Every structure is written in C-alpha cells, then in structure tokens.
>>> print(open('entry39.cif').read())   # mmCIF, C-alpha atoms
data_entry
#
loop_
_atom_site.group_PDB
_atom_site.id
_atom_site.type_symbol
_atom_site.label_atom_id
_atom_site.label_comp_id
_atom_site.auth_asym_id
_atom_site.auth_seq_id
_atom_site.Cartn_x
_atom_site.Cartn_y
_atom_site.Cartn_z
ATOM 1 C CA MET A 1 -12.691 19.885 3.169
ATOM 2 C CA GLU A 2 -11.064 16.790 4.633
ATOM 3 C CA ASN A 3 -7.628 15.431 3.741
ATOM 4 C CA LYS A 4 -7.071 12.220 1.869
ATOM 5 C CA ALA A 5 -7.058 9.117 4.037
ATOM 6 C CA TYR A 6 -5.819 5.592 3.549
ATOM 7 C CA MET A 7 -6.968 2.087 4.344
ATOM 8 C CA TYR A 8 -3.887 -0.036 5.003
ATOM 9 C CA VAL A 9 -3.073 -3.682 5.703
ATOM 10 C CA LEU A 10 -0.176 -4.927 7.804
ATOM 11 C CA GLU A 11 1.184 -8.437 8.012
ATOM 12 C CA CYS A 12 2.099 -9.155 11.610
ATOM 13 C CA GLY A 13 5.043 -11.208 12.825
ATOM 14 C CA ASP A 14 2.745 -14.175 13.468
ATOM 15 C CA GLY A 15 1.415 -14.060 9.882
ATOM 16 C CA THR A 16 -1.955 -12.519 10.739
ATOM 17 C CA LEU A 17 -3.299 -9.436 8.983
ATOM 18 C CA TYR A 18 -4.223 -6.128 10.588
ATOM 19 C CA THR A 19 -6.308 -3.505 8.785
ATOM 20 C CA GLY A 20 -6.604 0.152 9.739
ATOM 21 C CA TYR A 21 -7.047 3.646 8.373
ATOM 22 C CA THR A 22 -4.937 6.775 8.679
ATOM 23 C CA THR A 23 -4.118 10.077 7.013
ATOM 24 C CA ASP A 24 -0.358 9.363 7.145
ATOM 25 C CA VAL A 25 0.611 5.768 6.347
ATOM 26 C CA GLU A 26 4.342 6.214 6.933
ATOM 27 C CA ALA A 27 3.864 7.762 10.385
ATOM 28 C CA ARG A 28 1.236 5.189 11.357
ATOM 29 C CA LEU A 29 3.510 2.323 10.277
ATOM 30 C CA LYS A 30 6.337 3.723 12.424
ATOM 31 C CA THR A 31 3.931 3.921 15.365
ATOM 32 C CA HIS A 32 2.951 0.280 14.901
ATOM 33 C CA GLN A 33 6.566 -0.817 14.471
ATOM 34 C CA SER A 34 7.621 0.974 17.642
ATOM 35 C CA GLY A 35 5.060 -1.001 19.653
ATOM 36 C CA LYS A 36 2.892 2.043 20.303
ATOM 37 C CA GLY A 37 0.199 1.254 17.727
ATOM 38 C CA ALA A 38 -2.920 -0.810 18.118
ATOM 39 C CA LYS A 39 -3.068 -3.317 20.955
ATOM 40 C CA TYR A 40 -3.403 -6.112 18.369
ATOM 41 C CA THR A 41 -0.136 -5.261 16.609
ATOM 42 C CA ARG A 42 1.820 -4.535 19.805
ATOM 43 C CA ALA A 43 1.669 -8.227 20.663
ATOM 44 C CA ARG A 44 2.529 -9.350 17.123
ATOM 45 C CA LEU A 45 5.650 -7.435 16.133
ATOM 46 C CA PRO A 46 7.282 -6.971 13.722
ATOM 47 C CA VAL A 47 4.690 -5.658 11.266
ATOM 48 C CA THR A 48 5.094 -5.055 7.538
ATOM 49 C CA LEU A 49 2.953 -2.858 5.322
ATOM 50 C CA ILE A 50 1.613 -5.067 2.537
ATOM 51 C CA TYR A 51 -1.092 -2.840 1.073
ATOM 52 C CA GLN A 52 -2.496 0.672 1.156
ATOM 53 C CA GLU A 53 -5.388 2.251 -0.673
ATOM 54 C CA GLU A 54 -6.053 5.989 -1.020
ATOM 55 C CA HIS A 55 -9.512 7.435 -0.344
ATOM 56 C CA PRO A 56 -10.824 10.995 -0.679
ATOM 57 C CA ASP A 57 -11.539 11.377 3.046
ATOM 58 C CA LYS A 58 -11.524 9.697 6.448
ATOM 59 C CA SER A 59 -15.114 8.500 6.125
ATOM 60 C CA ALA A 60 -14.388 6.671 2.863
ATOM 61 C CA ALA A 61 -11.230 5.084 4.305
ATOM 62 C CA MET A 62 -13.118 3.936 7.409
ATOM 63 C CA SER A 63 -15.835 2.447 5.212
ATOM 64 C CA ALA A 64 -13.244 0.619 3.090
ATOM 65 C CA GLU A 65 -11.597 -0.681 6.270
ATOM 66 C CA ALA A 66 -14.904 -2.002 7.625
ATOM 67 C CA HIS A 67 -15.748 -3.669 4.305
ATOM 68 C CA PHE A 68 -12.266 -5.213 4.042
ATOM 69 C CA LYS A 69 -12.402 -6.578 7.597
ATOM 70 C CA LYS A 70 -15.559 -8.537 6.729
ATOM 71 C CA LYS A 71 -13.664 -10.585 4.162
ATOM 72 C CA LYS A 72 -12.084 -13.938 4.942
ATOM 73 C CA ARG A 73 -8.280 -14.065 4.914
ATOM 74 C CA ALA A 74 -8.145 -15.719 1.477
ATOM 75 C CA GLU A 75 -10.460 -13.051 0.066
ATOM 76 C CA LYS A 76 -8.307 -10.297 1.568
ATOM 77 C CA LEU A 77 -5.150 -11.714 0.029
ATOM 78 C CA ALA A 78 -6.877 -12.188 -3.348
ATOM 79 C CA TYR A 79 -8.091 -8.575 -3.246
ATOM 80 C CA ILE A 80 -4.583 -7.308 -2.506
ATOM 81 C CA GLU A 81 -3.060 -9.450 -5.252
ATOM 82 C CA GLU A 82 -5.642 -8.255 -7.782
ATOM 83 C CA LYS A 83 -4.909 -4.605 -6.966
ATOM 84 C CA ARG A 84 -1.148 -5.213 -7.112
ATOM 85 C CA SER A 85 -1.456 -6.935 -10.483
ATOM 86 C CA LYS A 86 -3.373 -3.995 -11.936
ATOM 87 C CA SER A 87 -0.768 -1.556 -10.585
ATOM 88 C CA TRP A 88 2.098 -3.701 -11.830
ATOM 89 C CA ASN A 89 0.569 -3.912 -15.316
ATOM 90 C CA LEU A 90 0.202 -0.131 -15.361
ATOM 91 C CA LEU A 91 3.838 0.280 -14.299
ATOM 92 C CA ARG A 92 4.964 -2.069 -17.070
ATOM 93 C CA PHE A 93 2.957 -0.117 -19.620
ATOM 94 C CA LEU A 94 4.356 3.219 -18.398
ATOM 95 C CA SER A 95 7.914 1.929 -18.291
ATOM 96 C CA SER A 96 7.703 0.639 -21.855
ATOM 97 C CA THR A 97 6.109 3.885 -23.017
ATOM 98 C CA PHE A 98 8.839 5.979 -21.407
ATOM 99 C CA LYS A 99 11.649 3.448 -21.994
ATOM 100 C CA ILE A 100 12.519 3.132 -18.293
ATOM 101 C CA LYS A 101 13.677 -0.198 -16.856
ATOM 102 C CA LEU A 102 11.553 -1.367 -13.954
ATOM 103 C CA ASP A 103 14.396 -3.413 -12.403
ATOM 104 C CA THR A 104 16.135 -0.136 -11.654
ATOM 105 C CA PHE A 105 13.311 0.829 -9.323
ATOM 106 C CA PHE A 106 11.820 -2.485 -8.240
ATOM 107 C CA PRO A 107 14.685 -4.966 -7.920
ATOM 108 C CA TRP A 108 13.118 -7.093 -5.183
ATOM 109 C CA SER A 109 9.550 -6.043 -4.537
ATOM 110 C CA ARG A 110 6.416 -5.079 -6.390
ATOM 111 C CA CYS A 111 5.208 -2.910 -3.533
ATOM 112 C CA CYS A 112 8.170 -0.779 -2.494
ATOM 113 C CA LEU A 113 6.466 2.575 -1.983
ATOM 114 C CA LYS A 114 9.569 4.788 -2.024
ATOM 115 C CA ASN A 115 10.743 3.235 -5.297
ATOM 116 C CA PHE A 116 7.281 3.674 -6.775
ATOM 117 C CA ILE A 117 7.242 7.370 -5.857
ATOM 118 C CA GLU A 118 10.694 7.832 -7.388
ATOM 119 C CA PHE A 119 9.512 6.045 -10.534
ATOM 120 C CA VAL A 120 6.439 8.303 -10.825
ATOM 121 C CA ASN A 121 8.583 11.422 -10.342
ATOM 122 C CA ILE A 122 10.893 10.349 -13.174
ATOM 123 C CA LEU A 123 7.859 9.758 -15.395
ATOM 124 C CA LYS A 124 6.568 13.225 -14.536
ATOM 125 C CA SER A 125 9.909 14.790 -15.433
ATOM 126 C CA SER A 126 9.963 12.808 -18.700
ATOM 127 C CA CYS A 127 6.522 14.181 -19.574
ATOM 128 C CA ALA A 128 7.625 17.741 -18.829
ATOM 129 C CA LYS A 129 10.455 17.566 -21.389
#
>>> encode(input="entry39.cif", output="structure tokens")
Amino acid sequence: MENKAYMYVLECGDGTLYTGYTTDVEARLKTHQSGKGAKYTRARLPVTLIYQEEHPDKSAAMSAEAHFKKKKRAEKLAYIEEKRSKSWNLLRFLSSTFKIKLDTFFPWSRCCLKNFIEFVNILKSSCAK
C-alpha cells in the first residue's frame, strides 16, 4: 500500500506558478526554497506554497499534477480560489459550531497550514469532551 501524496502549487519570485507532487510537502518546499529543488524554481526564488491537495497515492497525485498543468494560468488560479473558498466556508461553519474564533488562528491568511492544523486539533479535542 502506497502512502498519501500531494499535488502542490508554488508561486515563484517572478510571479509564475510551479506545480509538482510529493509525499512530504513541507520537506519539498524547504528543498525548493534552499535552491536545491526543480531547475525551474532554482532560477525563480523565493517560492511560496499557495496550494496543496491530498491524494491517496503517488499515481493519483501525478495525474492531478498533469491535469492541473494543462490549465491556463487564469484557470489554475480560479481552481485554487474555488478550493480555498470551500475550505474557508467549512472552517467558518466548524468555528461557529464549536464557538471558536477564526481570527485567533487565521489572522492574516486563509491558507496558513500550521494554523489550520492547530485549529483542527482543537476541534478534535472539543469533540472528545
């Protein structure tokens, strides 16, 4: 059985987008940021993670990457925004259900992964009580 894999999108220092797949987004991002990632991103530092999508295995993530790369830039950005909006609406619903203020966890960004994980862990602990 394969591990989960991720399709991810970086915004490069020159404003272009780079799409890849990995089994460890955080480690792969560090590799890109250190200038040891893909040849494309090495020449376009700094890079920022703007989107990631979980898939059940490497094959599915690679397929999602290939499909995403076929889109035009505007379509890619619209896709990302649509996914973010759905996630944000879910977060709002969960926060109102559990009476947790979102500003505590997301003061400046809708896509701060560490804050999101912390938020989910607090929801889990609320459910356990």
>>> residues_around(input="entry39.cif", residues="Lys72 (chain A)", least_positions_apart="5", cutoff="12 Å", atoms="all atoms listed in the file", output="list in words")
Thr16, Leu17, His67, Leu77, Ala78 and Tyr79 of chain A
>>> atom_distance(input="entry39.cif", atom1="CA of Val47 (chain A)", atom2="CA of Glu11 (chain A)")
5.5 Å
>>> resolve_selection(input="entry39.cif", expression="the PyMOL selection byres ((chain A and resi 15) around 12)", output="JSON, numbers by chain")
{"A": [10, 11, 12, 13, 14, 16, 17, 18, 41, 44, 45, 46, 47, 48, 50, 73]}
>>> residues_around(input="entry39.cif", residues="region 54-60 of chain A", least_positions_apart="6", cutoff="6 Å", atoms="all atoms listed in the file", output="list of chain:residue names")
A:Glu2, A:Asn3, A:Lys4, A:Ala5, A:Tyr6
>>> write_last_selection(input="entry39.cif", atoms="C-alpha atoms", output="compact mmCIF listing (two decimals), in the frame of the given file")
# COMPACT_ATOMS: atom_id res chain seq x y z
CA GLU A 2 -11.06 16.79 4.63
CA ASN A 3 -7.63 15.43 3.74
CA LYS A 4 -7.07 12.22 1.87
CA ALA A 5 -7.06 9.12 4.04
CA TYR A 6 -5.82 5.59 3.55
>>> axis_aligned_box(input="entry39.cif", around="region 49-53 of chain A", padding_each_side="5 Å", output="AutoDock Vina command-line options")
--center_x -1.2 --center_y -1.4 --center_z 2.3 --size_x 18.3 --size_y 17.3 --size_z 16.0
>>> atom_distance(input="entry39.cif", atom1="CA of Thr22 (chain A)", atom2="CA of Arg84 (chain A)")
20.2 Å
>>> atom_distance(input="entry39.cif", atom1="CA of Arg42 (chain A)", atom2="CA of Glu81 (chain A)")
26.0 Å
>>> closest_residue(input="entry39.cif", among="A:Leu49, A:Ala43, A:Leu90, A:Ala74", to="Lys30 (chain A)", atoms="all atoms listed in the file")
A:Leu49
